[in-house]
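Colleague: Let me give you the structure first, and then I'll get to my questions.
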Amino acid sequence: MSGQAVLPAAWVGTWSGTGPGTPEADGITRALAGALSVTVPLNAGAVGELVGRQVSDVKELSTGRNLGCTEALELRQVRQDSAVFAAVTSHPTDRTATFACPRGNLYVLTMTQADRVTLESLGAQSAGAPDALTRRG
């Protein structure tokens, strides 16, 4: 593992945040949904390894269904204060759901404070998702 970039220890832990969801959506082309919560548990690991997952929970307001997805995250790149993760698997958070989750999402997390990261995605950010996550105690 020498010379291979690893996720710094400061990143290890469970990160979470809540976004507004899509309460203004039309319910036809985009689901009308309440708050969208995201949880990202991260473990130590090197570039190319699975280091965590992204779990989203979002309730469709009309049906109460959970429209969230769960993705396994592979560490792709580590920079000074940011890390890039690729979702290598994706499935509905509610395992009984019948919809397909997007595949191949890329996420960039940037550490802005010791227990806070901003969440960007490269064309993959869900509408109404949180733009920052905080580490749970």
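Identifiers in the structure tokens: chain A, B, ... in order shown; residue index from 1 per chain; ligand index from 1 in order shown.
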Each residue of stretch 3-77 of chain A with at least one atom at most 6 Å from stretch 91-105 of chain A should appear once, together with its nearest atom pair and the corresponding distance in Å (one decimal); atoms considered: only C-alpha atoms; ordering: chain, then increasing residue number; output as JSON lines.

Modeller:
```
{"residue": "A:Gly68", "atom": "CA", "partner": "A:Thr93", "partner_atom": "CA", "distance": 5.4}
{"residue": "A:Cys69", "atom": "CA", "partner": "A:Pro92", "partner_atom": "CA", "distance": 4.3}
{"residue": "A:Thr70", "atom": "CA", "partner": "A:Thr93", "partner_atom": "CA", "distance": 5.1}
```

Colleague: Quick one: pick out all strand (DSSP E) residues within chain A from a backbone DSSP run and write them as a PyMOL selection string.

Modeller: chain A and resi 13-19+33-42+50-60+69-78+82-92+106-113+116-121+132-135

Colleague: As an exercise, work out the distance from atom CA of A:Gly17 to atom CA of A:Asp57 in Å and give it to one decimal place.

Modeller: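 Between atom CA of A:Gly17 and atom CA of A:Asp57 the gap works out to 10.8 Å.
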
Colleague: Show which residues sit within 8 Å of A:Val58, as a PyMOL selection string. Count only C-alpha atoms, and ignore same-chain residues fewer than 6 positions away.

Modeller: chain A and resi 21+33-37+66-68

Colleague: Which residues, written as a PyMOL selection string, have at least one atom at most 9 Å from A:Val51, with only C-alpha atoms counted and residues fewer than 5 positions away on the same chain left out?

Modeller: chain A and resi 7+41-46+72-75+85

Colleague: Find the residues near A:Leu119: any atom within 7 Å, counting only C-alpha atoms, skip ones fewer than 3 places away on the same chain, and give them as a ChimeraX atom specification.

Modeller: /A:108-110,131-132

Colleague: So that I can see what lies close to A:Thr112, please list as a PyMOL selection string the residues with an atom at most 10 Å from it, counting only C-alpha atoms and leaving out residues fewer than 6 positions away in the same chain.

Modeller: chain A and resi 81-82+118+132

Colleague: For atom CA of A:Asp115 and atom CA of A:Leu133, determine how far apart the two atoms are, in Å to one decimal place.

Modeller: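 These two atoms are separated by 8.4 Å.
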